[in-house]
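So this one's target03.txt, compact mmCIF, C-alpha atoms and all ligand atoms:
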```txt
# COMPACT_ATOMS: atom_id res chain seq x y z
CA MET A 274 11.66 17.54 -1.80
CA ASN A 275 13.49 15.00 -3.94
CA TRP A 276 11.00 12.44 -5.26
CA ARG A 277 13.54 10.43 -7.26
CA ASP A 278 13.71 6.75 -6.24
CA LYS A 279 10.41 7.18 -4.35
CA VAL A 280 7.58 4.86 -5.27
CA ILE A 281 3.88 5.72 -5.21
CA LEU A 282 0.92 3.45 -5.85
CA ILE A 283 -2.22 5.20 -7.12
CA THR A 284 -5.47 3.26 -7.48
CA GLY A 285 -7.85 4.58 -10.09
CA GLY A 286 -4.85 6.17 -11.77
CA SER A 287 -6.25 5.84 -15.29
CA SER A 288 -8.72 8.72 -15.07
CA GLY A 289 -9.76 11.92 -13.31
CA ILE A 290 -8.23 12.70 -9.92
CA GLY A 291 -6.06 9.57 -9.90
CA LYS A 292 -4.55 10.26 -13.31
CA ALA A 293 -3.87 13.91 -12.43
CA THR A 294 -2.12 12.74 -9.27
CA ALA A 295 -0.08 10.18 -11.21
CA LEU A 296 1.03 12.93 -13.62
CA ALA A 297 1.93 15.21 -10.69
CA PHE A 298 4.16 12.59 -9.05
CA ALA A 299 5.69 11.27 -12.28
CA GLY A 300 6.51 14.84 -13.35
CA ARG A 301 8.37 15.30 -10.06
CA GLY A 302 10.51 12.22 -10.71
CA ALA A 303 8.76 9.54 -8.63
CA ASN A 304 8.14 5.99 -9.87
CA VAL A 305 4.38 5.69 -10.27
CA VAL A 306 2.28 2.52 -10.25
CA ILE A 307 -1.29 3.02 -11.40
CA ALA A 308 -4.02 0.43 -10.91
CA SER A 309 -7.43 0.15 -12.53
CA ARG A 310 -9.66 -2.39 -14.32
CA ASP A 311 -10.19 -1.35 -17.94
CA PRO A 312 -7.09 -2.18 -20.08
CA GLU A 313 -7.75 0.40 -22.78
CA ARG A 314 -7.99 3.31 -20.35
CA GLY A 315 -5.11 1.91 -18.30
CA GLU A 316 -2.78 1.64 -21.31
CA GLN A 317 -3.74 5.10 -22.55
CA ALA A 318 -3.05 6.62 -19.14
CA LEU A 319 0.26 4.78 -18.99
CA THR A 320 1.28 6.26 -22.36
CA ASP A 321 0.36 9.77 -21.14
CA ILE A 322 2.15 9.42 -17.81
CA ARG A 323 5.29 8.00 -19.45
CA GLU A 324 5.55 11.24 -21.42
CA VAL A 325 6.50 12.96 -18.15
CA GLY A 326 8.12 10.18 -16.12
CA GLU A 327 8.35 6.56 -15.01
CA ALA A 328 5.16 4.52 -14.63
CA LEU A 329 3.63 1.05 -14.59
CA TRP A 330 -0.03 0.01 -14.96
CA VAL A 331 -1.31 -3.05 -13.12
CA GLN A 332 -4.78 -4.32 -13.94
CA THR A 333 -6.55 -4.50 -10.59
CA ASP A 334 -10.03 -4.52 -9.15
CA VAL A 335 -9.47 -2.93 -5.74
CA SER A 336 -12.54 -4.63 -4.30
CA GLN A 337 -10.83 -8.04 -4.67
CA ALA A 338 -8.34 -8.93 -1.92
CA ASP A 339 -6.21 -11.28 -4.04
CA GLN A 340 -5.84 -8.63 -6.76
CA VAL A 341 -4.85 -5.93 -4.25
CA ALA A 342 -2.27 -8.26 -2.68
CA ALA A 343 -0.87 -9.01 -6.15
CA LEU A 344 -0.77 -5.28 -6.98
CA VAL A 345 1.36 -4.47 -3.94
CA GLN A 346 3.55 -7.51 -4.65
CA THR A 347 4.11 -6.38 -8.26
CA THR A 348 5.02 -2.90 -7.03
CA ILE A 349 7.66 -4.29 -4.68
CA GLU A 350 9.01 -6.70 -7.32
CA THR A 351 9.31 -3.87 -9.86
CA TYR A 352 10.59 -0.96 -7.79
CA GLY A 353 11.80 -2.62 -4.57
CA ARG A 354 9.74 -0.59 -2.11
CA LEU A 355 6.52 1.33 -1.49
CA ASP A 356 6.80 4.86 -0.07
CA TYR A 357 3.39 6.40 -0.79
CA ALA A 358 -0.11 5.28 -1.69
CA PHE A 359 -3.14 7.19 -2.91
CA ASN A 360 -6.23 5.00 -2.45
CA ASN A 361 -8.53 6.75 -4.85
CA GLY A 362 -10.21 4.29 -7.23
CA GLY A 363 -13.58 2.82 -6.44
CA SER A 364 -17.05 2.20 -7.75
CA GLY A 365 -20.45 1.32 -6.35
CA GLY A 366 -24.08 0.44 -6.91
CA GLN A 367 -27.07 2.66 -7.67
CA GLY A 368 -27.91 5.41 -5.20
CA GLY A 369 -31.38 6.52 -4.18
CA TRP A 370 -33.95 6.72 -1.42
CA ILE A 371 -33.08 4.35 1.37
CA ALA A 372 -36.49 2.61 1.57
CA ASP A 373 -36.17 1.73 -2.12
CA LEU A 374 -32.48 0.84 -2.09
CA ASN A 375 -31.83 -2.84 -2.58
CA GLU A 376 -29.24 -4.63 -0.50
CA GLU A 377 -27.18 -5.52 -3.57
CA ASP A 378 -26.58 -1.85 -4.39
CA TRP A 379 -25.84 -1.03 -0.73
CA ASN A 380 -23.28 -3.85 -0.54
CA ALA A 381 -21.71 -2.88 -3.89
CA THR A 382 -21.22 0.72 -2.74
CA LEU A 383 -19.86 -0.15 0.70
CA HIS A 384 -17.57 -2.79 -0.74
CA GLY A 385 -16.45 -0.72 -3.72
CA TYR A 386 -15.69 2.49 -1.86
CA LEU A 387 -14.90 1.41 1.73
CA THR A 388 -13.78 -2.23 1.87
CA SER A 389 -11.50 -1.51 -1.09
CA VAL A 390 -9.68 1.15 0.95
CA PHE A 391 -9.33 -1.30 3.85
CA LEU A 392 -7.86 -3.91 1.49
CA CYS A 393 -5.42 -1.45 -0.03
CA MET A 394 -4.23 -0.18 3.36
CA LYS A 395 -3.89 -3.72 4.71
CA TYR A 396 -1.35 -4.70 2.05
CA GLU A 397 0.29 -1.28 1.64
CA ILE A 398 1.02 -0.93 5.36
CA GLY A 399 2.54 -4.40 5.44
CA ALA A 400 4.93 -3.36 2.67
CA MET A 401 5.73 0.06 4.16
CA LEU A 402 6.59 -1.38 7.56
CA LYS A 403 9.35 -3.44 5.92
CA THR A 404 11.17 -0.29 4.74
CA GLY A 405 10.65 1.92 7.76
CA GLY A 406 7.37 3.68 6.93
CA GLY A 407 5.51 5.73 4.35
CA VAL A 408 2.50 7.94 3.72
CA ILE A 409 -1.03 6.95 2.71
CA VAL A 410 -3.71 9.30 1.41
CA ASN A 411 -7.26 8.00 1.01
CA ASN A 412 -9.70 9.75 -1.29
CA ALA A 413 -12.87 10.39 0.69
CA SER A 414 -15.19 13.24 -0.31
CA VAL A 415 -17.05 16.18 1.14
CA ASP A 416 -19.83 13.57 1.26
CA GLY A 417 -17.78 11.87 4.00
CA LEU A 418 -18.03 15.04 6.09
CA ARG A 419 -21.57 16.14 5.27
CA ALA A 420 -24.85 14.59 4.20
CA PHE A 421 -25.40 13.59 0.56
CA PRO A 422 -29.13 12.81 0.49
CA TRP A 423 -29.04 11.69 -3.17
CA ASP A 424 -26.89 8.69 -2.27
CA PRO A 425 -26.78 7.78 1.45
CA ALA A 426 -24.80 4.58 0.79
CA TYR A 427 -22.03 6.58 -0.93
CA SER A 428 -22.05 9.08 1.93
CA ALA A 429 -21.89 6.26 4.49
CA ALA A 430 -18.98 4.66 2.64
CA LYS A 431 -17.10 7.96 2.49
CA HIS A 432 -17.78 8.69 6.20
CA GLY A 433 -16.37 5.19 6.75
CA VAL A 434 -13.22 6.03 4.79
CA ILE A 435 -12.62 8.98 7.11
CA GLY A 436 -13.18 6.89 10.26
CA LEU A 437 -10.87 4.22 8.90
CA THR A 438 -8.26 6.85 8.02
CA LYS A 439 -8.26 8.48 11.46
CA SER A 440 -8.25 5.23 13.42
CA THR A 441 -5.53 3.60 11.33
CA ALA A 442 -3.45 6.79 11.53
CA LEU A 443 -3.41 6.44 15.31
CA GLN A 444 -2.50 2.75 15.10
CA TYR A 445 0.63 3.44 13.03
CA ALA A 446 1.56 6.98 14.18
CA GLN A 447 4.68 5.74 15.97
CA GLN A 448 5.74 3.34 13.25
CA GLY A 449 6.63 5.91 10.61
CA ILE A 450 3.37 5.79 8.66
CA ARG A 451 1.20 8.88 8.22
CA ILE A 452 -2.35 8.36 6.99
CA ASN A 453 -4.69 11.13 5.88
CA ALA A 454 -7.73 11.65 3.66
CA VAL A 455 -8.58 14.27 1.09
CA CYS A 456 -12.18 15.36 0.69
CA PRO A 457 -12.81 16.83 -2.76
CA GLY A 458 -15.88 18.87 -3.54
CA TRP A 459 -17.33 18.78 -7.07
CA THR A 460 -14.34 18.16 -9.34
CA ARG A 461 -14.37 18.20 -13.14
CA THR A 462 -13.46 14.57 -13.89
CA PRO A 463 -14.87 12.51 -16.82
CA PRO A 464 -17.96 11.20 -14.93
CA ILE A 465 -18.83 14.69 -13.67
CA GLN A 466 -18.27 16.21 -17.13
CA GLN A 467 -20.48 13.51 -18.65
CA TRP A 468 -23.22 14.33 -16.13
CA ILE A 469 -22.98 18.02 -17.06
CA ASP A 470 -23.03 17.21 -20.79
CA ASN A 471 -26.20 15.12 -20.35
CA ASP A 472 -27.97 17.61 -18.08
CA PRO A 473 -27.27 21.29 -18.86
CA GLU A 474 -28.62 22.38 -15.46
CA ALA A 475 -26.40 20.03 -13.47
CA GLU A 476 -23.41 22.37 -13.30
CA GLY A 477 -25.57 25.17 -11.87
CA ARG A 478 -26.80 22.84 -9.13
CA MET A 479 -23.22 21.78 -8.35
CA LEU A 480 -22.08 25.40 -8.16
CA GLN A 481 -24.63 26.07 -5.41
CA HIS A 482 -22.25 23.99 -3.24
CA GLN A 483 -19.05 25.62 -4.47
CA PRO A 484 -18.66 29.11 -2.90
CA ILE A 485 -15.54 29.64 -5.01
CA GLY A 486 -17.86 29.83 -8.03
CA ARG A 487 -16.39 27.04 -10.15
CA LEU A 488 -15.80 23.31 -10.04
CA GLY A 489 -12.49 21.96 -8.79
CA GLU A 490 -9.95 20.64 -11.28
CA PRO A 491 -8.36 17.20 -10.75
CA GLU A 492 -4.91 18.83 -10.66
CA GLU A 493 -5.97 20.83 -7.58
CA ILE A 494 -6.77 17.65 -5.66
CA ALA A 495 -3.49 16.16 -6.88
CA GLU A 496 -1.50 19.05 -5.40
CA ALA A 497 -3.08 18.44 -1.98
CA VAL A 498 -2.09 14.76 -2.20
CA VAL A 499 1.47 15.71 -3.15
CA TRP A 500 1.73 18.03 -0.15
CA LEU A 501 0.29 15.47 2.27
CA CYS A 502 2.87 12.94 1.05
CA SER A 503 5.76 15.42 1.10
CA ASP A 504 8.12 16.10 3.98
CA GLY A 505 6.30 19.44 4.31
CA GLY A 506 3.38 17.49 5.75
CA SER A 507 5.55 15.60 8.24
CA LEU A 508 3.44 16.48 11.30
CA VAL A 509 0.11 15.81 9.60
CA THR A 510 -1.64 12.52 10.26
CA GLY A 511 -5.24 11.48 10.84
CA ILE A 512 -6.85 14.45 9.08
CA ALA A 513 -9.63 14.65 6.50
CA LEU A 514 -8.62 17.64 4.37
CA PRO A 515 -11.39 19.36 2.41
CA VAL A 516 -10.23 20.48 -1.05
CA ASP A 517 -13.57 21.89 -2.01
CA GLY A 518 -13.69 25.58 -2.88
CA GLY A 519 -15.51 26.29 0.39
CA TYR A 520 -18.17 23.55 0.12
CA THR A 521 -17.77 22.43 3.75
CA ALA A 522 -17.63 26.01 5.02
CA LEU A 523 -21.21 26.63 3.83
N1 LIG B 601 -15.12 13.98 -9.15
C1 LIG B 601 -15.65 14.42 -8.03
O1 LIG B 601 -16.40 15.41 -7.99
C2 LIG B 601 -15.32 13.71 -6.72
C3 LIG B 601 -15.65 14.35 -5.52
C4 LIG B 601 -15.35 13.73 -4.33
C5 LIG B 601 -14.72 12.50 -4.32
N2 LIG B 601 -14.42 11.89 -5.49
C6 LIG B 601 -13.76 10.59 -5.42
O2 LIG B 601 -12.61 10.60 -6.24
C7 LIG B 601 -12.31 9.27 -6.66
C8 LIG B 601 -12.01 9.28 -8.16
O3 LIG B 601 -13.12 9.79 -8.83
P1 LIG B 601 -13.01 10.52 -10.24
O4 LIG B 601 -14.08 11.56 -10.25
O5 LIG B 601 -11.62 10.90 -10.54
O6 LIG B 601 -13.53 9.34 -11.20
P2 LIG B 601 -13.02 8.75 -12.62
O7 LIG B 601 -12.45 9.81 -13.47
O8 LIG B 601 -14.16 7.94 -13.13
O9 LIG B 601 -11.84 7.76 -12.19
C9 LIG B 601 -12.10 6.60 -11.45
C10 LIG B 601 -10.89 5.71 -11.52
O10 LIG B 601 -11.06 4.60 -10.62
C11 LIG B 601 -10.94 3.39 -11.35
N3 LIG B 601 -11.78 2.39 -10.68
C12 LIG B 601 -13.11 2.41 -10.48
N4 LIG B 601 -13.51 1.31 -9.83
C13 LIG B 601 -12.39 0.57 -9.61
C14 LIG B 601 -12.15 -0.69 -9.02
N5 LIG B 601 -13.14 -1.42 -8.47
N6 LIG B 601 -10.87 -1.14 -8.98
C15 LIG B 601 -9.85 -0.42 -9.51
N7 LIG B 601 -10.03 0.77 -10.08
C16 LIG B 601 -11.29 1.27 -10.14
C17 LIG B 601 -11.35 3.75 -12.77
O11 LIG B 601 -10.83 2.86 -13.75
P3 LIG B 601 -11.62 1.51 -14.19
O12 LIG B 601 -13.07 1.86 -14.27
O13 LIG B 601 -10.99 1.13 -15.49
O14 LIG B 601 -11.33 0.50 -13.12
C18 LIG B 601 -10.68 5.11 -12.90
O15 LIG B 601 -9.29 4.97 -13.13
C19 LIG B 601 -13.49 8.41 -6.23
O16 LIG B 601 -13.16 7.72 -5.03
C20 LIG B 601 -14.58 9.43 -5.95
O17 LIG B 601 -15.50 8.97 -4.99
C21 LIG B 601 -14.69 12.46 -6.71
```

Spit out the file's structure as structure tokens when you get a sec.
Ligand SMILES: NC(=O)c1ccc[n+]([C@@H]2O[C@H](COP(=O)([O-])OP(=O)(O)OC[C@H]3O[C@@H](n4cnc5c(N)ncnc54)[C@H](OP(=O)(O)O)[C@@H]3O)[C@@H](O)[C@H]2O)c1
Amino acid sequence: MNWRDKVILITGGSSGIGKATALAFAGRGANVVIASRDPERGEQALTDIREVGEALWVQTDVSQADQVAALVQTTIETYGRLDYAFNNGGSGGQGGWIADLNEEDWNATLHGYLTSVFLCMKYEIGAMLKTGGGVIVNNASVDGLRAFPWDPAYSAAKHGVIGLTKSTALQYAQQGIRINAVCPGWTRTPPIQQWIDNDPEAEGRMLQHQPIGRLGEPEEIAEAVVWLCSDGGSLVTGIALPVDGGYTAL
């Protein structure tokens, strides 16, 4: 697969799974646009990604429609087209027991993890249709396929991402746009590593859900995204692909 002259937009590309995916695409020759909020992390990621290829960082809060529209516009103005998108970045409110969960946290989680994916797809699909199609991958989670009793709002948002992915895939299946989701299990990104560093027993609890006996690495999720975007995945649309070391097989 020749990725040169291809353009991919990756939200949350300044850290963890998003940054690993940006490095994977840039290293293969694609033009990579990463989007996130914090300038320091964004600029640092940009420096790292530019060591292997072409990249641009656009400060964006993916929960804000005007900022997402501007992000896609900047991508088109800079590189002329949009071929692929990995809707990965998001954030939410506090989790917890549902009877104690306040509406503000619920709304923050649903908006930050689900509405943000809707907003991204809305503007990305508009751009892709103008150049004959493309591929979108949404980052869901194993918590979109199974229960996550520690944070039902997060689980509901991620189940929503999968429903949105499948339904939108059917809407655009005959217009040259494939849309899939990846569902990572526990993956060693900065927030997960910080959790482990603060709670020495956390990793053991996570490993109870990882039959493979270790956490996933961000690069392993990135490779699944690359394949879903590649011509090798040309018949694949509307799936939610677990990349989870056996988590969902348990
Ligand atoms: N790590 C896991 O075990 C795991 C498992 C399943 C699914 N996931 C999913 O994977 C995705 C990435 O998680 P990660 O573990 O790689 O986390 P991470 O290392 O903290 O990266 C999150 C990225 O998203 C950006 N971001 C957060 N909120 C944003 C917003 N409102 N607008 C734009 N960018 C935003 C962050 O940058 P700024 O904060 O600067 O904006 C950062 O670049 C998430 O959707 C998460 O639910 C992770």

Within 7 Å of ligand LIG 601 (chain B), which residues show up when you count only C-alpha atoms and all ligand atoms? List them as a PDB file with C-alpha atoms, in the coordinates of the input, please.
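Result went into part_35.pdb, see below:
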```
ATOM      1  CA  THR A 284      -5.470   3.260  -7.480  1.00  0.00           C
ATOM      2  CA  GLY A 285      -7.850   4.580 -10.090  1.00  0.00           C
ATOM      3  CA  GLY A 286      -4.850   6.170 -11.770  1.00  0.00           C
ATOM      4  CA  SER A 287      -6.250   5.840 -15.290  1.00  0.00           C
ATOM      5  CA  SER A 288      -8.720   8.720 -15.070  1.00  0.00           C
ATOM      6  CA  GLY A 289      -9.760  11.920 -13.310  1.00  0.00           C
ATOM      7  CA  ILE A 290      -8.230  12.700  -9.920  1.00  0.00           C
ATOM      8  CA  GLY A 291      -6.060   9.570  -9.900  1.00  0.00           C
ATOM      9  CA  ALA A 308      -4.020   0.430 -10.910  1.00  0.00           C
ATOM     10  CA  SER A 309      -7.430   0.150 -12.530  1.00  0.00           C
ATOM     11  CA  ARG A 310      -9.660  -2.390 -14.320  1.00  0.00           C
ATOM     12  CA  ASP A 311     -10.190  -1.350 -17.940  1.00  0.00           C
ATOM     13  CA  PRO A 312      -7.090  -2.180 -20.080  1.00  0.00           C
ATOM     14  CA  ARG A 314      -7.990   3.310 -20.350  1.00  0.00           C
ATOM     15  CA  GLY A 315      -5.110   1.910 -18.300  1.00  0.00           C
ATOM     16  CA  THR A 333      -6.550  -4.500 -10.590  1.00  0.00           C
ATOM     17  CA  ASP A 334     -10.030  -4.520  -9.150  1.00  0.00           C
ATOM     18  CA  VAL A 335      -9.470  -2.930  -5.740  1.00  0.00           C
ATOM     19  CA  SER A 336     -12.540  -4.630  -4.300  1.00  0.00           C
ATOM     20  CA  ASN A 361      -8.530   6.750  -4.850  1.00  0.00           C
ATOM     21  CA  GLY A 362     -10.210   4.290  -7.230  1.00  0.00           C
ATOM     22  CA  GLY A 363     -13.580   2.820  -6.440  1.00  0.00           C
ATOM     23  CA  SER A 364     -17.050   2.200  -7.750  1.00  0.00           C
ATOM     24  CA  GLY A 385     -16.450  -0.720  -3.720  1.00  0.00           C
ATOM     25  CA  TYR A 386     -15.690   2.490  -1.860  1.00  0.00           C
ATOM     26  CA  ASN A 412      -9.700   9.750  -1.290  1.00  0.00           C
ATOM     27  CA  ALA A 413     -12.870  10.390   0.690  1.00  0.00           C
ATOM     28  CA  SER A 414     -15.190  13.240  -0.310  1.00  0.00           C
ATOM     29  CA  VAL A 415     -17.050  16.180   1.140  1.00  0.00           C
ATOM     30  CA  CYS A 456     -12.180  15.360   0.690  1.00  0.00           C
ATOM     31  CA  PRO A 457     -12.810  16.830  -2.760  1.00  0.00           C
ATOM     32  CA  GLY A 458     -15.880  18.870  -3.540  1.00  0.00           C
ATOM     33  CA  TRP A 459     -17.330  18.780  -7.070  1.00  0.00           C
ATOM     34  CA  THR A 460     -14.340  18.160  -9.340  1.00  0.00           C
ATOM     35  CA  ARG A 461     -14.370  18.200 -13.140  1.00  0.00           C
ATOM     36  CA  THR A 462     -13.460  14.570 -13.890  1.00  0.00           C
ATOM     37  CA  PRO A 463     -14.870  12.510 -16.820  1.00  0.00           C
ATOM     38  CA  PRO A 464     -17.960  11.200 -14.930  1.00  0.00           C
ATOM     39  CA  ILE A 465     -18.830  14.690 -13.670  1.00  0.00           C
TER      40      ILE A 465
END
```

(request) Please measure the separation of CA of Ala420 in chain A and CA of Glu493 in chain A, giving the value in Å to one decimal. (result) 23.1 Å

(request) Would you mind reading off the distance between CA of Phe359 in chain A and CA of Asn411 in chain A, one decimal, in Å? (result)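 Distance between the two atoms: 5.7 Å.
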
(request) Check the smallest atom-to-atom distance from each of A:Ala295, A:Leu488, A:Ile281, A:Val410 to Gln466 in chain A using only C-alpha atoms, then report the winner. (result)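 The closest residue to Gln466 in chain A is A:Leu488.
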
(request) Would you mind telling me which residue in A:Gly300, A:Gln337, A:Pro425, A:Thr294 lies nearest to Asn275 in chain A when using only C-alpha atoms? (result) A:Gly300

(message) For a test of reading the model, state the distance in Å between CA of Asp278 in chain A and CA of Gly511 in chain A, rounded to one decimal.
(response) 25.9 Å
